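Visitor: Next comes input_25.tsv, TSV, C-alpha atoms:
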chain	number	residue	atom	x	y	z
A	1	MET	CA	-22.89	-6.08	-10.55
A	2	GLU	CA	-19.50	-7.67	-9.87
A	3	ILE	CA	-18.28	-10.08	-7.19
A	4	ARG	CA	-15.74	-7.50	-5.96
A	5	GLN	CA	-18.53	-4.93	-5.47
A	6	LEU	CA	-20.40	-7.44	-3.34
A	7	ARG	CA	-17.25	-8.04	-1.28
A	8	TYR	CA	-16.94	-4.28	-0.72
A	9	PHE	CA	-20.62	-4.06	0.23
A	10	ILE	CA	-20.26	-6.91	2.76
A	11	ALA	CA	-17.19	-5.22	4.30
A	12	VAL	CA	-19.24	-2.08	4.97
A	13	ALA	CA	-22.29	-4.08	6.09
A	14	ASP	CA	-20.21	-6.05	8.61
A	15	THR	CA	-18.40	-3.03	10.09
A	16	LEU	CA	-20.96	-0.26	9.52
A	17	ASN	CA	-17.91	1.97	9.18
A	18	PHE	CA	-16.59	3.11	5.80
A	19	SER	CA	-13.10	3.86	7.12
A	20	ARG	CA	-12.56	0.43	8.70
A	21	ALA	CA	-14.15	-1.30	5.72
A	22	ALA	CA	-11.85	0.57	3.32
A	23	ASP	CA	-8.80	-0.57	5.28
A	24	SER	CA	-10.00	-4.19	5.26
A	25	VAL	CA	-10.35	-4.30	1.45
A	26	TYR	CA	-7.28	-2.11	0.75
A	27	LEU	CA	-9.20	0.76	-0.86
A	28	SER	CA	-9.23	4.44	-0.12
A	29	GLN	CA	-12.44	5.55	1.58
A	30	SER	CA	-13.45	7.66	-1.43
A	31	ALA	CA	-12.93	4.71	-3.82
A	32	LEU	CA	-15.01	2.44	-1.57
A	33	SER	CA	-17.79	5.02	-1.40
A	34	ARG	CA	-17.84	5.22	-5.22
A	35	GLN	CA	-18.16	1.44	-5.49
A	36	ILE	CA	-21.08	1.41	-3.04
A	37	MET	CA	-22.79	4.27	-4.89
A	38	GLU	CA	-22.44	2.39	-8.20
A	39	LEU	CA	-23.93	-0.72	-6.59
A	40	GLU	CA	-26.84	1.32	-5.19
A	41	GLN	CA	-27.47	2.80	-8.64
A	42	GLU	CA	-27.58	-0.68	-10.17
A	43	VAL	CA	-29.88	-2.02	-7.45
A	44	GLY	CA	-32.02	1.11	-7.69
A	45	LEU	CA	-32.36	1.48	-3.94
A	46	PRO	CA	-30.20	2.91	-1.12
A	47	LEU	CA	-28.36	0.16	0.76
A	48	PHE	CA	-27.20	2.30	3.69
A	49	THR	CA	-28.43	5.31	5.60
A	50	ARG	CA	-25.51	7.58	6.43
A	51	THR	CA	-25.32	10.31	9.03
A	52	THR	CA	-22.36	12.11	10.55
A	53	ARG	CA	-22.59	9.77	13.55
A	54	LYS	CA	-23.43	6.32	12.18
A	55	VAL	CA	-24.03	4.06	9.19
A	56	GLU	CA	-26.96	1.63	9.09
A	57	LEU	CA	-28.29	-0.91	6.60
A	58	THR	CA	-31.61	-0.15	4.93
A	59	GLU	CA	-34.22	-2.88	4.40
A	60	ALA	CA	-32.84	-3.36	0.88
A	61	GLY	CA	-29.32	-3.52	2.30
A	62	ARG	CA	-30.25	-6.22	4.81
A	63	ALA	CA	-31.92	-8.27	2.07
A	64	LEU	CA	-28.93	-7.93	-0.23
A	65	CYS	CA	-26.42	-8.72	2.54
A	66	ALA	CA	-27.81	-12.21	3.19
A	67	SER	CA	-28.02	-13.02	-0.51
A	68	ALA	CA	-24.57	-11.59	-1.25
A	69	LYS	CA	-22.89	-13.68	1.46
A	70	ASP	CA	-24.61	-16.81	0.14
A	71	LEU	CA	-23.57	-16.00	-3.45
A	72	ILE	CA	-19.92	-15.40	-2.53
A	73	SER	CA	-19.86	-18.59	-0.46
A	74	ARG	CA	-21.12	-20.60	-3.43
A	75	TRP	CA	-18.68	-18.80	-5.76
A	76	GLU	CA	-15.72	-19.63	-3.52
A	77	LYS	CA	-16.77	-23.31	-3.42
A	78	LEU	CA	-17.11	-23.36	-7.22
A	79	LEU	CA	-13.65	-21.95	-7.97
A	80	PRO	CA	-11.63	-24.96	-6.69
A	81	GLU	CA	-13.80	-27.31	-8.81
A	82	VAL	CA	-13.12	-25.23	-11.92
A	83	ARG	CA	-9.40	-25.05	-11.15
A	84	ASP	CA	-9.15	-28.78	-10.53
A	85	ALA	CA	-10.64	-29.38	-13.98
A	86	THR	CA	-8.23	-26.97	-15.72
A	87	PRO	CA	-4.62	-28.17	-16.13
A	88	ASP	CA	-1.92	-25.50	-16.08
A	89	ALA	CA	1.82	-25.74	-16.63
A	90	ASN	CA	2.40	-23.57	-13.55
A	91	GLU	CA	0.11	-25.58	-11.24
A	92	GLY	CA	1.73	-26.17	-7.88
A	93	HIS	CA	4.14	-23.23	-8.19
A	94	THR	CA	4.38	-20.75	-5.33
A	95	LEU	CA	5.27	-17.12	-5.95
A	96	SER	CA	6.69	-15.59	-2.77
A	97	ILE	CA	6.71	-11.78	-2.98
A	98	GLY	CA	8.34	-9.52	-0.42
A	99	THR	CA	7.50	-5.86	0.01
A	100	ASP	CA	8.53	-3.11	2.38
A	101	SER	CA	5.97	-1.01	4.26
A	102	ARG	CA	6.30	1.95	1.88
A	103	ALA	CA	6.05	0.30	-1.55
A	104	LEU	CA	2.29	-0.30	-1.31
A	105	ALA	CA	1.38	2.56	1.04
A	106	SER	CA	-0.62	4.26	-1.71
A	107	PRO	CA	-4.18	2.80	-1.74
A	108	ASP	CA	-4.34	3.14	-5.53
A	109	ARG	CA	-1.00	1.38	-5.97
A	110	ARG	CA	-1.94	-1.37	-3.52
A	111	LEU	CA	-5.29	-1.94	-5.22
A	112	ALA	CA	-3.68	-2.12	-8.67
A	113	VAL	CA	-1.09	-4.67	-7.49
A	114	THR	CA	-3.54	-6.89	-5.58
A	115	GLU	CA	-6.01	-6.82	-8.50
A	116	PHE	CA	-3.20	-7.89	-10.85
A	117	LEU	CA	-2.19	-10.72	-8.51
A	118	TYR	CA	-5.80	-11.81	-8.29
A	119	ALA	CA	-5.95	-11.89	-12.10
A	120	MET	CA	-2.72	-13.96	-12.19
A	121	ARG	CA	-4.27	-16.53	-9.85
A	122	ARG	CA	-7.29	-16.80	-12.14
A	123	ARG	CA	-5.08	-17.22	-15.21
A	124	HIS	CA	-3.05	-19.95	-13.51
A	125	PRO	CA	-5.34	-22.13	-11.37
A	126	GLY	CA	-3.41	-23.98	-8.71
A	127	ILE	CA	-0.61	-21.46	-8.10
A	128	ARG	CA	-0.06	-19.87	-4.69
A	129	ILE	CA	0.88	-16.20	-4.30
A	130	LEU	CA	2.26	-15.21	-0.90
A	131	LEU	CA	2.96	-11.64	0.25
A	132	HIS	CA	5.46	-10.83	3.01
A	133	THR	CA	5.89	-7.30	4.41
A	134	GLN	CA	9.36	-7.02	5.92
A	135	GLU	CA	12.14	-4.56	6.66
A	136	TYR	CA	14.57	-3.84	3.82
A	137	GLN	CA	17.46	-5.91	5.23
A	138	GLN	CA	15.15	-8.90	5.78
A	139	LEU	CA	14.03	-8.67	2.16
A	140	ILE	CA	17.63	-8.65	0.93
A	141	LYS	CA	18.42	-11.69	3.09
A	142	GLY	CA	15.33	-13.49	1.81
A	143	LEU	CA	16.32	-12.85	-1.81
A	144	SER	CA	19.90	-14.00	-1.22
A	145	ALA	CA	18.67	-17.16	0.53
A	146	HIS	CA	16.05	-17.78	-2.21
A	147	THR	CA	13.24	-17.85	0.34
A	148	LEU	CA	11.72	-14.94	-1.61
A	149	ASP	CA	11.21	-15.05	-5.37
A	150	CYS	CA	11.17	-11.27	-5.67
A	151	ALA	CA	10.70	-8.06	-3.69
A	152	LEU	CA	9.10	-4.70	-4.33
A	153	VAL	CA	10.81	-1.86	-2.45
A	154	LEU	CA	10.52	1.91	-2.33
A	155	ASP	CA	13.95	3.18	-1.33
A	156	ARG	CA	17.15	4.66	-2.65
A	157	GLU	CA	18.39	2.77	-5.70
A	158	MET	CA	20.25	-0.28	-4.44
A	159	GLU	CA	24.00	-0.52	-4.88
A	160	PRO	CA	24.85	-3.26	-7.44
A	161	LYS	CA	24.97	-6.74	-5.89
A	162	SER	CA	26.41	-9.90	-7.39
A	163	ASP	CA	23.43	-12.07	-6.46
A	164	ILE	CA	20.44	-9.70	-6.89
A	165	SER	CA	19.05	-8.06	-10.05
A	166	GLN	CA	17.25	-4.72	-9.87
A	167	THR	CA	14.67	-3.23	-12.27
A	168	ILE	CA	13.45	0.32	-11.62
A	169	LEU	CA	9.68	0.54	-12.16
A	170	GLY	CA	9.11	4.14	-11.08
A	171	GLY	CA	10.07	6.87	-8.68
A	172	GLU	CA	8.74	9.02	-5.87
A	173	GLU	CA	9.80	11.99	-3.75
A	174	MET	CA	10.27	12.18	-0.02
A	175	LEU	CA	8.47	15.23	1.37
A	176	LEU	CA	8.64	17.16	4.62
A	177	ALA	CA	5.15	16.80	6.16
A	178	PHE	CA	3.86	18.93	9.04
A	179	ARG	CA	0.79	20.74	10.35
A	180	SER	CA	0.79	24.48	10.73
A	181	GLY	CA	-1.64	27.37	10.62
A	182	ASN	CA	0.88	29.39	8.66
A	183	THR	CA	1.54	29.21	4.94
A	184	HIS	CA	5.20	28.34	4.48
A	185	ARG	CA	7.21	29.61	1.58
A	186	ASP	CA	9.28	27.30	-0.57
A	187	GLY	CA	12.65	26.92	1.10
A	188	ASP	CA	11.37	27.05	4.68
A	189	HIS	CA	12.14	23.36	5.19
A	190	ALA	CA	15.11	24.16	7.44
A	191	ASP	CA	12.98	26.33	9.76
A	192	VAL	CA	10.30	23.64	10.05
A	193	ILE	CA	12.78	20.83	10.70
A	194	MET	CA	14.80	22.73	13.30
A	195	ASN	CA	11.80	24.24	15.11
A	196	ARG	CA	9.57	21.15	15.13
A	197	GLY	CA	12.09	18.33	15.20
A	198	LEU	CA	11.41	15.05	13.40
A	199	ILE	CA	9.46	11.97	14.44
A	200	LEU	CA	10.71	8.55	13.28
A	201	VAL	CA	9.56	4.97	13.75
A	202	ASP	CA	11.80	3.10	16.15
A	203	ARG	CA	13.56	-0.04	14.83
A	204	GLU	CA	13.24	0.97	11.15
A	205	LEU	CA	16.98	1.07	10.60
A	206	GLN	CA	16.84	1.55	6.83
A	207	GLY	CA	14.46	4.49	7.20
A	208	LEU	CA	16.62	6.02	9.94
A	209	TYR	CA	19.74	5.68	7.80
A	210	HIS	CA	17.93	7.32	4.88
A	211	ILE	CA	16.71	10.28	6.97
A	212	ILE	CA	20.21	10.80	8.38
A	213	ARG	CA	21.60	10.97	4.82
A	214	ILE	CA	19.00	13.59	3.92
A	215	LEU	CA	19.73	15.68	7.04
A	216	SER	CA	23.47	15.41	6.45
A	217	ASP	CA	23.07	16.63	2.88
A	218	LEU	CA	20.97	19.57	4.15
A	219	ALA	CA	23.49	20.26	6.96
A	220	LEU	CA	20.76	20.07	9.63
A	221	GLU	CA	20.89	18.48	13.11
A	222	PRO	CA	17.35	18.63	14.53
A	223	GLN	CA	15.90	16.97	17.61
A	224	ILE	CA	14.70	13.47	16.68
A	225	ARG	CA	11.96	11.61	18.54
A	226	PHE	CA	10.91	8.00	18.09
A	227	CYS	CA	7.55	6.23	18.13
A	228	GLU	CA	6.34	2.64	17.84
A	229	SER	CA	4.61	2.54	14.45
A	230	LEU	CA	3.84	4.41	11.24
A	231	GLU	CA	0.28	4.91	12.53
A	232	ASP	CA	1.62	6.60	15.68
A	233	MET	CA	3.96	8.73	13.60
A	234	THR	CA	1.26	10.03	11.28
A	235	ALA	CA	-1.09	10.75	14.20
A	236	ILE	CA	1.64	12.78	15.93
A	237	ILE	CA	2.22	14.79	12.74
A	238	GLU	CA	-1.49	15.53	12.46
A	239	THR	CA	-1.57	16.91	16.01
A	240	GLY	CA	1.18	19.37	15.06
A	241	GLU	CA	3.68	17.95	17.58
A	242	SER	CA	6.48	17.15	15.12
A	243	ALA	CA	7.34	17.06	11.45
A	244	ALA	CA	8.27	13.96	9.46
A	245	ILE	CA	9.99	13.09	6.21
A	246	LEU	CA	7.76	10.66	4.33
A	247	PRO	CA	7.20	9.34	0.79
A	248	ALA	CA	4.61	11.34	-1.12
A	249	SER	CA	2.31	8.27	-1.30
A	250	VAL	CA	2.26	7.95	2.50
A	251	VAL	CA	1.33	11.62	2.87
A	252	ALA	CA	-1.39	11.23	0.24
A	253	LYS	CA	-2.84	8.26	2.13
A	254	LEU	CA	-3.44	10.49	5.15
A	255	ALA	CA	-5.83	12.62	3.06
A	256	ASN	CA	-5.63	15.41	5.64
A	257	PRO	CA	-6.09	18.82	3.98
A	258	ARG	CA	-4.56	20.53	7.05
A	259	LEU	CA	-1.17	18.95	6.46
A	260	GLN	CA	1.41	20.94	4.56
A	261	THR	CA	4.32	19.53	2.60
A	262	LEU	CA	7.60	20.96	1.36
A	263	PRO	CA	10.05	19.47	-1.12
A	264	LEU	CA	13.56	18.69	0.09
A	265	PRO	CA	16.41	20.05	-2.06
A	266	THR	CA	18.61	16.96	-2.02
A	267	GLU	CA	19.05	14.01	-4.35
A	268	TYR	CA	18.60	11.71	-1.33
A	269	ALA	CA	14.92	12.71	-1.24
A	270	ARG	CA	14.39	10.84	-4.52
A	271	LEU	CA	13.18	7.25	-4.08
A	272	SER	CA	13.11	4.44	-6.60
A	273	LEU	CA	10.36	1.85	-6.79
A	274	ALA	CA	12.42	-1.25	-7.58
A	275	PHE	CA	11.64	-4.86	-8.46
A	276	LEU	CA	14.36	-7.12	-7.04
A	277	THR	CA	14.99	-10.75	-7.99
A	278	PRO	CA	17.71	-13.25	-7.06
A	279	LYS	CA	20.05	-13.99	-9.96
A	280	GLY	CA	19.78	-17.56	-11.16
A	281	HIS	CA	16.46	-18.19	-9.39
A	282	GLY	CA	14.08	-18.97	-12.25
A	283	ASN	CA	10.52	-19.05	-10.99
A	284	PRO	CA	8.54	-19.32	-14.28
A	285	LEU	CA	5.94	-16.81	-13.05
A	286	LEU	CA	8.46	-13.99	-12.56
A	287	PRO	CA	8.50	-12.63	-16.16
A	288	GLU	CA	4.71	-12.27	-16.17
A	289	LEU	CA	4.79	-10.61	-12.75
A	290	GLN	CA	7.56	-8.18	-13.71
A	291	GLU	CA	5.85	-7.19	-16.96
A	292	GLY	CA	2.53	-6.66	-15.18
A	293	LEU	CA	4.05	-4.54	-12.40
A	294	GLY	CA	5.92	-2.48	-14.98
A	295	ASP	CA	2.64	-1.69	-16.76
A	296	ILE	CA	0.94	-0.85	-13.46
A	297	PHE	CA	3.54	1.65	-12.33
A	298	LYS	CA	3.53	3.46	-15.65
A	299	SER	CA	-0.07	4.48	-14.91
A	300	VAL	CA	-0.35	4.61	-11.08
Could I get this file's structure written as structure tokens?

Guide:
Amino acid sequence: MEIRQLRYFIAVADTLNFSRAADSVYLSQSALSRQIMELEQEVGLPLFTRTTRKVELTEAGRALCASAKDLISRWEKLLPEVRDATPDANEGHTLSIGTDSRALASPDRRLAVTEFLYAMRRRHPGIRILLHTQEYQQLIKGLSAHTLDCALVLDREMEPKSDISQTILGGEEMLLAFRSGNTHRDGDHADVIMNRGLILVDRELQGLYHIIRILSDLALEPQIRFCESLEDMTAIIETGESAAILPASVVAKLANPRLQTLPLPTEYARLSLAFLTPKGHGNPLLPELQEGLGDIFKSV
């Protein structure tokens, strides 16, 4: 039994909803369900009763919930005492990490990164790690102004800049995502785009610019609609109202078997997962962070 499993259990116990609990602990619903099943196997008793309409705690679940919350409370009080007694050369350092909304859209990728950052905090008691989700241009400004130590972005490879270094950690494809009762052949992307139109998130200028480059390369001029958020966009796709061009990880997060995807035959559909740092800004934690992220994205 691990502390993280107890945190996952408490998230489900507090919400009685696996979907909301999964979002709150940055896991996919299937991964959260596996963790709960492993905990139930170790306890030897079911902790929840599950039906298609509701989730409820069992007697064993209610007993464990009270004890688990008390244990985690005592654990969180103990950690500062241990850290205060353990000197570290990096104590007092803050690591400010920027990310765009797409870089950690994959639940598996997000979990791997947050688990690594958690491990860093345990290796270096006293450091602070801050995460900031911002638009691409805000991230670039933050790096140039040294208000961010680094940024993780999923976008086209950045043009060389005199004040920012770029390390490519991985890549990903943009896909055409839509819902249809028909099976589309490879190459039907133009028909889907022109017949359905595209839905985009308003105010995401970098994303809009990227989509326009893709459409220009494909010589297509479809109707374009706008919505308020990524959540609205994905819901509209799932109703079959419009199509969208999204990173493969965002489509995978939807986990909707009724959605279809098509590749886009243009180099602009290829994204790079890049680690950006300001030149001459030597936060001593950056080398460890960059090495760890590089290892993560080789396997995720």

Visitor: Counting only C-alpha atoms, what is within 8 Å of Phe226 in chain A, bar same-chain residues fewer than 4 positions away, as a PyMOL selection string?

Guide: chain A and resi 199-202

Visitor: Using only C-alpha atoms, can you tell me which of A:Ser67, A:Thr51, A:Leu111, A:Gly98 comes closest to Val25 in chain A?

Guide: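 The answer is A:Leu111, which sits nearest to Val25 in chain A.
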
Visitor: For a quick check of understanding, using all atoms listed in the file, which of A:Leu176, A:His132, A:Ser101, A:Arg196 has the smallest distance to Leu264 in chain A?

Guide: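 Ranking A:Leu176, A:His132, A:Ser101, A:Arg196 by distance to Leu264 in chain A, first place goes to A:Leu176.
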
Visitor: How would you write as a VMD selection string the residues that get within 9 Å of (16.7, -15.6, -9.4) in the file's frame, counting only C-alpha atoms?

Guide: chain A and resid 143 to 144 146 149 to 150 163 to 165 277 to 283 286

Visitor: Provide the CA of Glu157 in chain A to CA of Leu271 in chain A distance in Å, to one decimal place.

Guide: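 For CA of Glu157 in chain A relative to CA of Leu271 in chain A, the distance reads 7.1 Å.
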
Visitor: Ranking A:Ser272, A:Ser96, A:Asn256, A:Thr234 by minimum distance to Leu169 in chain A and counting only C-alpha atoms, which one comes first?

Guide: A:Ser272

Visitor: For the point (17.0, 24.7, 14.5) in the file's frame, write as a PyMOL selection string all residues with an atom no more than 10 Å away, counting all atoms listed in the file.

Guide: chain A and resi 190-197+220-223

Visitor: Got time to write the residues from that selection, C-alpha atoms, as a CSV table (one decimal), keeping the file's coordinate frame?

Guide:
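Output saved as again.csv:
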chain,number,residue,atom,x,y,z
A,190,ALA,CA,15.1,24.2,7.4
A,191,ASP,CA,13.0,26.3,9.8
A,192,VAL,CA,10.3,23.6,10.0
A,193,ILE,CA,12.8,20.8,10.7
A,194,MET,CA,14.8,22.7,13.3
A,195,ASN,CA,11.8,24.2,15.1
A,196,ARG,CA,9.6,21.2,15.1
A,197,GLY,CA,12.1,18.3,15.2
A,220,LEU,CA,20.8,20.1,9.6
A,221,GLU,CA,20.9,18.5,13.1
A,222,PRO,CA,17.4,18.6,14.5
A,223,GLN,CA,15.9,17.0,17.6

Visitor: May I ask for the distance between CA of Met233 in chain A and CA of Ala151 in chain A, given in Å to one decimal place?

Guide: 25.0 Å

Visitor: Taking all atoms listed in the file into account, which of A:Ser28, A:Gln260, A:Ser249, A:Thr266 comes nearest Leu215 in chain A?

Guide: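 Among the listed residues, A:Thr266 lies closest to Leu215 in chain A.
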
Visitor: Taking all atoms listed in the file into account, name the residue in A:Leu254, A:Ala66, A:Leu154, A:Ile237 that is nearest to Gln29 in chain A.

Guide: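 Comparing A:Leu254, A:Ala66, A:Leu154, A:Ile237 against Gln29 in chain A, the winner is A:Leu254.
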
Visitor: Here is a test: counting all atoms listed in the file, which residue of A:Leu104, A:Val153, A:Leu208, A:Ala177 is nearest to Ala274 in chain A?

Guide: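 Under the stated criterion, the closest residue is A:Val153.
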
Visitor: Calculate how many Å separate CA of Gly170 in chain A from CA of Phe275 in chain A, rounding to one decimal.

Guide: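 If I compute the distance from CA of Gly170 in chain A to CA of Phe275 in chain A, I get 9.7 Å.
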
Visitor: Find the spatial neighbours of Pro263 in chain A, counting all atoms listed in the file, within a cut-off of 12 Å - ignore same-chain residues fewer than 6 positions away - and output them as JSON, numbers by chain.

Guide: {"A": [172, 173, 174, 175, 176, 177, 178, 184, 185, 186, 187, 188, 189, 190, 192, 214, 245, 246, 247, 248, 269, 270]}

Visitor: Need the axis-aligned box for range 57-62 of chain A with 6 Å each side, so what are the centre and edges in Å to one decimal, as JSON?

Guide:
{"center_x": -31.3, "center_y": -3.2, "center_z": 3.7, "size_x": 17.9, "size_y": 18.1, "size_z": 17.7}

Visitor: Taking the partial coordinates given, rebuild range 62-72 of chain A to contain all heavy atoms; return it as a PDB file, in the coordinates of the input.

Guide:
ATOM      1  N   ARG A  62     -30.212  -4.982   4.026  1.00  0.00           N
ATOM      2  CA  ARG A  62     -30.250  -6.220   4.810  1.00  0.00           C
ATOM      3  C   ARG A  62     -30.607  -7.412   3.915  1.00  0.00           C
ATOM      4  O   ARG A  62     -30.061  -8.511   4.061  1.00  0.00           O
ATOM      5  CB  ARG A  62     -31.247  -6.093   5.962  1.00  0.00           C
ATOM      6  CG  ARG A  62     -30.688  -5.313   7.153  1.00  0.00           C
ATOM      7  CD  ARG A  62     -31.598  -5.430   8.361  1.00  0.00           C
ATOM      8  NE  ARG A  62     -32.776  -4.582   8.218  1.00  0.00           N
ATOM      9  CZ  ARG A  62     -32.814  -3.297   8.585  1.00  0.00           C
ATOM     10  NH1 ARG A  62     -31.742  -2.739   9.129  1.00  0.00           N
ATOM     11  NH2 ARG A  62     -33.911  -2.584   8.418  1.00  0.00           N
ATOM     12  N   ALA A  63     -31.531  -7.188   2.981  1.00  0.00           N
ATOM     13  CA  ALA A  63     -31.920  -8.270   2.070  1.00  0.00           C
ATOM     14  C   ALA A  63     -30.751  -8.656   1.169  1.00  0.00           C
ATOM     15  O   ALA A  63     -30.483  -9.846   0.944  1.00  0.00           O
ATOM     16  CB  ALA A  63     -33.124  -7.840   1.236  1.00  0.00           C
ATOM     17  N   LEU A  64     -30.050  -7.654   0.649  1.00  0.00           N
ATOM     18  CA  LEU A  64     -28.930  -7.930  -0.230  1.00  0.00           C
ATOM     19  C   LEU A  64     -27.779  -8.599   0.523  1.00  0.00           C
ATOM     20  O   LEU A  64     -27.088  -9.463  -0.020  1.00  0.00           O
ATOM     21  CB  LEU A  64     -28.437  -6.646  -0.895  1.00  0.00           C
ATOM     22  CG  LEU A  64     -27.239  -6.806  -1.831  1.00  0.00           C
ATOM     23  CD1 LEU A  64     -27.570  -7.732  -2.992  1.00  0.00           C
ATOM     24  CD2 LEU A  64     -26.760  -5.444  -2.344  1.00  0.00           C
ATOM     25  N   CYS A  65     -27.558  -8.202   1.774  1.00  0.00           N
ATOM     26  CA  CYS A  65     -26.420  -8.720   2.540  1.00  0.00           C
ATOM     27  C   CYS A  65     -26.500 -10.240   2.673  1.00  0.00           C
ATOM     28  O   CYS A  65     -25.515 -10.950   2.421  1.00  0.00           O
ATOM     29  CB  CYS A  65     -26.381  -8.068   3.922  1.00  0.00           C
ATOM     30  SG  CYS A  65     -24.901  -8.485   4.867  1.00  0.00           S
ATOM     31  N   ALA A  66     -27.666 -10.757   3.029  1.00  0.00           N
ATOM     32  CA  ALA A  66     -27.810 -12.210   3.190  1.00  0.00           C
ATOM     33  C   ALA A  66     -27.589 -12.926   1.869  1.00  0.00           C
ATOM     34  O   ALA A  66     -26.885 -13.940   1.800  1.00  0.00           O
ATOM     35  CB  ALA A  66     -29.193 -12.530   3.755  1.00  0.00           C
ATOM     36  N   SER A  67     -28.170 -12.383   0.798  1.00  0.00           N
ATOM     37  CA  SER A  67     -28.020 -13.020  -0.510  1.00  0.00           C
ATOM     38  C   SER A  67     -26.593 -12.924  -1.021  1.00  0.00           C
ATOM     39  O   SER A  67     -26.078 -13.866  -1.632  1.00  0.00           O
ATOM     40  CB  SER A  67     -28.978 -12.369  -1.519  1.00  0.00           C
ATOM     41  OG  SER A  67     -30.323 -12.542  -1.127  1.00  0.00           O
ATOM     42  N   ALA A  68     -25.934 -11.785  -0.775  1.00  0.00           N
ATOM     43  CA  ALA A  68     -24.570 -11.590  -1.250  1.00  0.00           C
ATOM     44  C   ALA A  68     -23.608 -12.553  -0.567  1.00  0.00           C
ATOM     45  O   ALA A  68     -22.721 -13.123  -1.212  1.00  0.00           O
ATOM     46  CB  ALA A  68     -24.132 -10.137  -1.011  1.00  0.00           C
ATOM     47  N   LYS A  69     -23.771 -12.741   0.743  1.00  0.00           N
ATOM     48  CA  LYS A  69     -22.890 -13.680   1.460  1.00  0.00           C
ATOM     49  C   LYS A  69     -23.089 -15.104   0.949  1.00  0.00           C
ATOM     50  O   LYS A  69     -22.126 -15.867   0.796  1.00  0.00           O
ATOM     51  CB  LYS A  69     -23.161 -13.596   2.959  1.00  0.00           C
ATOM     52  CG  LYS A  69     -22.637 -12.315   3.598  1.00  0.00           C
ATOM     53  CD  LYS A  69     -22.878 -12.303   5.097  1.00  0.00           C
ATOM     54  CE  LYS A  69     -22.266 -11.055   5.729  1.00  0.00           C
ATOM     55  NZ  LYS A  69     -22.470 -10.997   7.196  1.00  0.00           N
ATOM     56  N   ASP A  70     -24.342 -15.472   0.662  1.00  0.00           N
ATOM     57  CA  ASP A  70     -24.610 -16.810   0.140  1.00  0.00           C
ATOM     58  C   ASP A  70     -24.000 -16.973  -1.247  1.00  0.00           C
ATOM     59  O   ASP A  70     -23.393 -18.010  -1.555  1.00  0.00           O
ATOM     60  CB  ASP A  70     -26.127 -17.037   0.082  1.00  0.00           C
ATOM     61  CG  ASP A  70     -26.476 -18.406  -0.485  1.00  0.00           C
ATOM     62  OD1 ASP A  70     -26.078 -19.415   0.131  1.00  0.00           O
ATOM     63  OD2 ASP A  70     -27.127 -18.457  -1.549  1.00  0.00           O
ATOM     64  N   LEU A  71     -24.117 -15.938  -2.094  1.00  0.00           N
ATOM     65  CA  LEU A  71     -23.570 -16.000  -3.450  1.00  0.00           C
ATOM     66  C   LEU A  71     -22.051 -16.139  -3.424  1.00  0.00           C
ATOM     67  O   LEU A  71     -21.475 -16.964  -4.152  1.00  0.00           O
ATOM     68  CB  LEU A  71     -23.975 -14.748  -4.222  1.00  0.00           C
ATOM     69  CG  LEU A  71     -23.414 -14.617  -5.654  1.00  0.00           C
ATOM     70  CD1 LEU A  71     -23.908 -15.778  -6.517  1.00  0.00           C
ATOM     71  CD2 LEU A  71     -23.814 -13.280  -6.257  1.00  0.00           C
ATOM     72  N   ILE A  72     -21.384 -15.346  -2.592  1.00  0.00           N
ATOM     73  CA  ILE A  72     -19.920 -15.400  -2.530  1.00  0.00           C
ATOM     74  C   ILE A  72     -19.466 -16.734  -1.972  1.00  0.00           C
ATOM     75  O   ILE A  72     -18.468 -17.314  -2.421  1.00  0.00           O
ATOM     76  CB  ILE A  72     -19.389 -14.221  -1.693  1.00  0.00           C
ATOM     77  CG1 ILE A  72     -19.550 -12.924  -2.488  1.00  0.00           C
ATOM     78  CG2 ILE A  72     -17.924 -14.429  -1.312  1.00  0.00           C
ATOM     79  CD1 ILE A  72     -19.149 -11.681  -1.752  1.00  0.00           C
TER      80      ILE A  72
END
